[in-house]
>>> print(open('entry.tsv').read())   # TSV, C-alpha atoms
chain	number	residue	atom	x	y	z
A	1	HIS	CA	-11.11	15.98	6.93
A	2	HIS	CA	-9.98	12.95	8.91
A	3	VAL	CA	-10.01	13.41	12.69
A	4	GLY	CA	-6.67	14.70	13.91
A	5	GLN	CA	-5.24	14.83	10.41
A	6	PRO	CA	-2.75	17.62	9.82
A	7	VAL	CA	-4.04	20.17	7.31
A	8	GLY	CA	-2.22	20.18	3.99
A	9	LEU	CA	-0.73	16.71	4.35
A	10	LEU	CA	1.35	15.92	1.29
A	11	GLU	CA	2.07	12.60	-0.34
A	12	ASP	CA	5.70	13.38	0.40
A	13	ASP	CA	4.99	13.29	4.16
A	14	VAL	CA	4.12	9.62	3.72
A	15	HIS	CA	7.12	9.06	1.46
A	16	ALA	CA	9.55	9.92	4.28
A	17	PRO	CA	8.60	6.94	6.49
A	18	ALA	CA	8.53	4.74	3.38
A	19	GLU	CA	12.16	5.66	2.71
A	20	LEU	CA	12.98	5.13	6.38
A	21	LEU	CA	11.58	1.58	6.19
A	22	GLY	CA	13.42	0.80	2.96
A	23	VAL	CA	10.19	0.57	0.92
A	24	GLY	CA	10.36	3.93	-0.88
A	25	ASP	CA	8.95	2.45	-4.09
A	26	ILE	CA	5.70	1.32	-2.45
A	27	ILE	CA	4.35	4.91	-2.41
A	28	ALA	CA	4.46	7.25	-5.40
A	29	HIS	CA	6.65	10.28	-4.75
A	30	SER	CA	5.10	13.72	-5.26
A	31	GLU	CA	6.09	17.36	-5.05
A	32	PRO	CA	3.92	20.47	-4.49
A	33	MET	CA	4.08	22.77	-7.51
A	34	LYS	CA	2.33	25.56	-9.39
A	35	VAL	CA	1.37	25.19	-13.02
A	36	LYS	CA	0.28	28.01	-15.33
A	37	MET	CA	-2.47	26.98	-17.74
A	38	GLY	CA	-4.23	29.43	-20.04
A	39	GLY	CA	-3.42	32.39	-17.82
A	40	LYS	CA	-4.57	30.60	-14.65
A	41	VAL	CA	-2.14	29.49	-11.98
A	42	MET	CA	-3.08	26.10	-10.55
A	43	THR	CA	-1.54	24.65	-7.41
A	44	GLY	CA	-1.32	20.93	-6.84
A	45	CYS	CA	0.88	17.94	-6.31
A	46	PHE	CA	2.92	16.57	-9.16
A	47	MET	CA	3.32	12.85	-8.77
A	48	GLU	CA	6.49	11.61	-10.36
A	49	PHE	CA	7.57	8.08	-11.10
A	50	ALA	CA	4.13	6.59	-10.39
A	51	LYS	CA	4.75	3.08	-11.60
A	52	GLY	CA	2.00	1.22	-13.35
A	53	THR	CA	-1.47	1.74	-14.72
A	54	ASP	CA	-4.29	3.78	-13.22
A	55	LEU	CA	-7.54	1.88	-12.70
A	56	GLY	CA	-9.48	5.14	-12.86
A	57	SER	CA	-8.20	5.97	-16.33
A	58	LYS	CA	-10.88	6.85	-18.90
A	59	SER	CA	-8.74	5.41	-21.68
A	60	GLU	CA	-10.42	2.52	-23.52
A	61	ARG	CA	-7.00	0.94	-24.06
A	62	VAL	CA	-6.36	0.95	-20.29
A	63	GLN	CA	-9.85	-0.41	-19.57
A	64	ARG	CA	-9.20	-3.27	-22.01
A	65	MET	CA	-5.93	-4.02	-20.21
A	66	PHE	CA	-7.74	-4.32	-16.87
A	67	ASP	CA	-10.44	-6.45	-18.47
A	68	GLN	CA	-7.69	-8.94	-19.36
A	69	VAL	CA	-6.44	-9.25	-15.76
A	70	GLU	CA	-7.15	-12.74	-14.43
A	71	ILE	CA	-3.90	-13.72	-12.70
A	72	PHE	CA	-3.32	-12.58	-9.13
A	73	ASP	CA	-0.98	-15.16	-7.59
A	74	THR	CA	2.29	-13.48	-8.52
A	75	ALA	CA	5.30	-12.95	-6.25
A	76	GLY	CA	5.33	-9.19	-6.92
A	77	LEU	CA	1.66	-8.75	-6.06
A	78	TYR	CA	1.93	-10.84	-2.90
A	79	ARG	CA	4.98	-8.81	-1.77
A	80	ASP	CA	3.61	-5.34	-2.58
A	81	ALA	CA	0.14	-6.03	-1.14
A	82	ALA	CA	1.66	-7.34	2.12
A	83	THR	CA	4.02	-4.36	2.31
A	84	LEU	CA	1.17	-1.88	1.76
A	85	GLU	CA	-0.89	-3.59	4.49
A	86	VAL	CA	1.88	-3.11	7.06
A	87	PHE	CA	2.95	0.32	5.84
A	88	ASP	CA	-0.61	1.71	5.71
A	89	PHE	CA	-1.25	0.52	9.25
A	90	LEU	CA	1.98	2.07	10.55
A	91	CYS	CA	1.06	5.40	8.92
A	92	GLY	CA	-2.60	5.25	9.90
A	93	GLN	CA	-3.64	5.35	6.23
A	94	VAL	CA	-7.32	4.40	6.45
A	95	ASP	CA	-8.44	4.89	2.88
A	96	ARG	CA	-6.55	2.35	0.77
A	97	HIS	CA	-8.74	0.84	-1.93
A	98	GLY	CA	-8.58	-0.34	-5.53
A	99	ASN	CA	-8.63	3.13	-7.03
A	100	ASN	CA	-5.73	4.65	-5.11
A	101	MET	CA	-3.11	2.23	-6.28
A	102	PHE	CA	-1.21	1.97	-9.53
A	103	TYR	CA	-1.00	-1.52	-10.97
A	104	GLN	CA	1.95	-3.07	-12.77
A	105	LEU	CA	0.51	-5.40	-15.40
A	106	SER	CA	2.20	-8.11	-17.41
A	107	GLU	CA	1.87	-8.47	-21.15
A	108	PRO	CA	-0.98	-10.84	-22.12
A	109	ASP	CA	-0.08	-14.56	-22.06
A	110	GLU	CA	-0.93	-17.01	-24.85
A	111	ASN	CA	-4.55	-17.02	-23.62
A	112	GLY	CA	-4.79	-13.25	-23.61
A	113	LYS	CA	-4.68	-13.06	-19.80
A	114	ARG	CA	-2.67	-10.47	-17.90
A	115	ALA	CA	-1.21	-10.76	-14.40
A	116	ILE	CA	-0.83	-8.02	-11.79
A	117	THR	CA	2.88	-8.10	-11.00
A	118	GLY	CA	3.13	-5.20	-8.54
A	119	LEU	CA	1.42	-2.28	-6.81
A	120	GLN	CA	2.24	1.27	-5.83
A	121	GLY	CA	0.14	3.34	-3.42
A	122	ILE	CA	-1.03	6.85	-4.32
A	123	ASP	CA	-3.33	9.38	-2.59
A	124	SER	CA	-2.16	8.84	0.98
A	125	ASP	CA	-3.82	12.02	2.26
A	126	LEU	CA	-5.79	10.24	5.00
A	127	ALA	CA	-2.67	9.08	6.79
A	128	PHE	CA	-1.47	9.99	10.28
A	129	GLY	CA	-4.76	10.07	12.16
A	130	ASP	CA	-5.01	9.91	15.95
A	131	GLU	CA	-6.53	6.45	16.29
A	132	VAL	CA	-3.94	3.84	17.22
A	133	GLU	CA	-5.78	0.75	15.99
A	134	GLU	CA	-7.92	2.24	13.25
A	135	PHE	CA	-7.48	0.23	10.07
A	136	ASN	CA	-9.83	0.18	7.14
A	137	MET	CA	-8.57	-1.99	4.32
A	138	LYS	CA	-11.27	-4.12	2.74
A	139	GLY	CA	-10.75	-7.77	3.61
A	140	VAL	CA	-8.32	-6.89	6.40
A	141	GLN	CA	-10.54	-5.77	9.25
A	142	SER	CA	-7.65	-5.43	11.65
A	143	TRP	CA	-3.87	-5.11	11.60
A	144	LYS	CA	-3.98	-8.47	13.39
A	145	ASP	CA	-5.10	-10.04	10.10
A	146	THR	CA	-1.81	-9.16	8.37
A	147	THR	CA	0.13	-12.38	7.89
A	148	PHE	CA	3.17	-11.95	5.65
A	149	ILE	CA	6.00	-9.44	5.87
A	150	ASP	CA	9.16	-9.09	3.82
A	151	ALA	CA	12.32	-9.96	5.76
A	152	GLY	CA	13.91	-6.58	4.98
A	153	LEU	CA	10.85	-4.63	6.15
A	154	ALA	CA	10.58	-6.77	9.31
A	155	GLU	CA	14.19	-5.91	10.23
A	156	LYS	CA	13.60	-2.19	9.64
A	157	VAL	CA	10.42	-2.19	11.75
A	158	LYS	CA	12.13	-4.10	14.56
A	159	GLY	CA	14.94	-1.53	14.61
A	160	LEU	CA	12.62	1.50	14.64
A	161	ASP	CA	12.59	3.63	17.80
A	162	ARG	CA	11.12	6.98	18.82
A	163	ASP	CA	14.32	8.94	18.13
A	164	THR	CA	14.68	7.55	14.61
A	165	LEU	CA	11.04	8.33	13.86
A	166	GLU	CA	11.41	11.84	15.29
A	167	TYR	CA	14.48	12.45	13.14
A	168	ALA	CA	12.78	11.19	9.97
A	169	ILE	CA	9.35	12.81	10.22
A	170	GLY	CA	9.45	15.14	13.24
A	171	ASP	CA	9.17	18.23	11.04
A	172	LEU	CA	6.31	16.78	8.98
A	173	ILE	CA	3.65	15.78	11.50
A	174	PRO	CA	2.71	16.86	15.06
A	175	GLN	CA	4.28	15.19	18.10
A	176	LYS	CA	1.02	13.53	19.08
A	177	GLN	CA	0.86	11.71	15.76
A	178	ILE	CA	4.47	10.57	16.08
A	179	ASP	CA	3.48	9.12	19.48
A	180	VAL	CA	0.52	7.34	17.89
A	181	MET	CA	2.68	6.04	15.04
A	182	MET	CA	5.18	4.72	17.58
A	183	GLN	CA	2.36	2.85	19.33
A	184	ARG	CA	1.47	1.26	15.99
A	185	VAL	CA	5.13	0.37	15.41
A	186	ASN	CA	5.19	-1.43	18.76
A	187	LEU	CA	1.98	-3.31	17.95
A	188	ILE	CA	3.48	-4.53	14.67
A	189	LYS	CA	6.81	-5.42	16.33
A	190	ASP	CA	4.90	-7.64	18.73
A	191	HIS	CA	2.79	-9.06	15.89
A	192	ILE	CA	5.97	-9.89	13.90
A	193	GLU	CA	7.42	-11.77	16.88
A	194	LYS	CA	4.28	-13.74	17.67
A	195	ASP	CA	2.21	-14.22	14.54
A	196	MET	CA	3.66	-13.00	11.27
A	197	VAL	CA	5.37	-15.06	8.61
A	198	ILE	CA	8.68	-13.47	7.57
A	199	VAL	CA	9.31	-14.00	3.86
A	200	GLU	CA	12.77	-13.81	2.28
A	201	PRO	CA	12.92	-11.54	-0.81
A	202	ASP	CA	13.24	-14.46	-3.25
A	203	LYS	CA	10.45	-16.53	-1.66
A	204	TRP	CA	7.43	-14.34	-2.43
A	205	ASP	CA	5.83	-16.99	-4.64
A	206	LEU	CA	4.80	-18.26	-1.16
A	207	LYS	CA	5.15	-21.86	-2.32
A	208	ALA	CA	6.96	-22.68	0.94
A	209	ASN	CA	4.07	-21.41	3.08
A	210	LYS	CA	0.90	-23.00	4.40
A	211	PRO	CA	-1.70	-23.22	1.62
A	212	GLU	CA	-4.52	-21.90	3.82
A	213	GLN	CA	-2.48	-18.79	4.76
A	214	VAL	CA	-1.67	-18.16	1.11
A	215	LYS	CA	-5.32	-18.64	0.13
A	216	ASP	CA	-6.40	-16.11	2.78
A	217	GLN	CA	-3.81	-13.63	1.53
A	218	LEU	CA	-4.99	-14.04	-2.05
A	219	LYS	CA	-8.60	-13.56	-0.97
A	220	THR	CA	-7.65	-10.36	0.88
A	221	ILE	CA	-5.76	-9.03	-2.14
A	222	ILE	CA	-8.63	-9.70	-4.53
A	223	THR	CA	-11.16	-8.17	-2.11
A	224	ASN	CA	-9.07	-5.00	-2.00
A	225	LEU	CA	-8.54	-4.83	-5.73
A	226	MET	CA	-12.17	-5.57	-6.53
A	227	ASP	CA	-13.31	-2.16	-5.31
A	228	LYS	CA	-13.72	-0.96	-8.87
A	229	GLY	CA	-17.45	-0.68	-9.54
A	230	ASP	CA	-18.95	-2.92	-12.16
A	231	ARG	CA	-16.75	-1.68	-14.98
A	232	HIS	CA	-14.10	-4.32	-14.47
A	233	LYS	CA	-15.47	-7.82	-13.99
A	234	LEU	CA	-12.31	-9.36	-12.58
A	235	SER	CA	-12.91	-12.89	-11.45
A	236	GLN	CA	-10.98	-15.22	-9.21
A	237	GLU	CA	-9.91	-18.11	-11.40
>>> encode(input="entry.tsv", output="C-alpha cells")
Amino acid sequence: HHVGQPVGLLEDDVHAPAELLGVGDIIAHSEPMKVKMGGKVMTGCFMEFAKGTDLGSKSERVQRMFDQVEIFDTAGLYRDAATLEVFDFLCGQVDRHGNNMFYQLSEPDENGKRAITGLQGIDSDLAFGDEVEEFNMKGVQSWKDTTFIDAGLAEKVKGLDRDTLEYAIGDLIPQKQIDVMMQRVNLIKDHIEKDMVIVEPDKWDLKANKPEQVKDQLKTIITNLMDKGDRHKLSQE
C-alpha cells in the first residue's frame, strides 16, 4: 500500500478531479459492483467506456496491432500525454506506465503502420499520497519537466482553490490529502505562469512550438510507452 494512501481508493475517486478540471475523458470511469459467476459472488470495479486498446491483452490480434505502431507524433497523443502528466502530478498518481493506459490506435496506413492517436489512464489506485513533490513517470523525473498544457486545462487549474477542491472531492479523500493536492495545484499554477507552454486546442500538432521542446516531449512520451517488456519492439522512427 502506498504511504498515506486511503484504503479502498476507487478509480472513481480520481475521476472526480478529472471532471472538475474538464478532462473527464483522460481517466476511465469505473463503478464498484458485485458479479455472480458460477455460484460465487465476486466484488470488483467495472470500468466502463475505457477508450482504446489494452497493451496487456493476450489477444494475438491486439499484439499484432501494437506491433504495427510506429507513429507517435500525433496531435491527440501529444495532448493526452501532456494532460496525463499534469493530472497525475496533481493527484499524486505515482504509478503511471505503459501498461496502465488504454491506447487509441489508427487504422494502418499504406505502409502498414499505425499511429497512437490518444490515451486514457486506467488503474489510478496509487493516487493521493502524502508526498507533495513525489512524481514517478518514466522520462519525467519531476513535475518541473512538464512543458505543454492545454489552454482549457491551464484555465481550470488557475481557477482552482481550496473551497472548490473541498466541494469536489472532500467526501472522497482525507483532509490532509486535499491539503497536499492543493500544494501541488499551487506548484503547477506557478509552473504554468513561469515555464509552461500553453497550447490552444487546435494547435496540438505542436508545429508552432520550438523543435527542441517538441523533441523532448516526444522522447518523454516514447519512454513512457516503451515500458512494455520485449514483446512489443516499438521503435522511434
>>> residues_near_point(input="entry.tsv", point="(8.8, 9.4, 20.3)", cutoff="8 Å", atoms="only C-alpha atoms", output="VMD selection string")
chain A and resid 161 to 163 165 to 166 175 178 to 179 182
>>> closest_residue(input="entry.tsv", among="A:Glu70, A:Ile221, A:Pro17, A:Lys58", to="Gly112 in chain A", atoms="all atoms listed in the file")
A:Glu70
>>> atom_distance(input="entry.tsv", atom1="CA of Lys189 in chain A", atom2="CA of Leu20 in chain A")
15.8 Å
>>> atom_distance(input="entry.tsv", atom1="CA of Pro211 in chain A", atom2="CA of Asp145 in chain A")
16.0 Å
>>> closest_residue(input="entry.tsv", among="A:Asn186, A:Gln104, A:Asn209, A:Asn111", to="Leu77 in chain A", atoms="all atoms listed in the file")
A:Gln104
>>> closest_residue(input="entry.tsv", among="A:Val69, A:Ile188, A:Leu119, A:Leu206", to="Ala81 in chain A", atoms="only C-alpha atoms")
A:Leu119
>>> closest_residue(input="entry.tsv", among="A:Asp25, A:Lys40, A:Gln217, A:Val180", to="Phe89 in chain A", atoms="all atoms listed in the file")
A:Val180
>>> residues_near_point(input="entry.tsv", point="(14.3, -15.1, 3.3)", cutoff="12 Å", atoms="all atoms listed in the file", output="PyMOL selection string")
chain A and resi 148-155+197-206+208
>>> atom_distance(input="entry.tsv", atom1="CA of Val86 in chain A", atom2="CA of Asn100 in chain A")
16.3 Å
>>> closest_residue(input="entry.tsv", among="A:Gly39, A:Gly52, A:Pro108, A:Gly24", to="Leu84 in chain A", atoms="all atoms listed in the file")
A:Gly24
>>> closest_residue(input="entry.tsv", among="A:Gln213, A:Gln120, A:Gln93, A:Asn224", to="Arg184 in chain A", atoms="all atoms listed in the file")
A:Gln93
>>> axis_aligned_box(input="entry.tsv", around="range 178-193 of chain A", padding_each_side="8 Å", output="AutoDock Vina command-line options")
--center_x 4.0 --center_y -0.6 --center_z 16.7 --size_x 22.9 --size_y 38.3 --size_z 21.6
>>> residues_around(input="entry.tsv", residues="Gln68 in chain A", least_positions_apart="5", cutoff="9 Å", atoms="only C-alpha atoms", output="ChimeraX atom specification")
/A:63,108,112-115,234
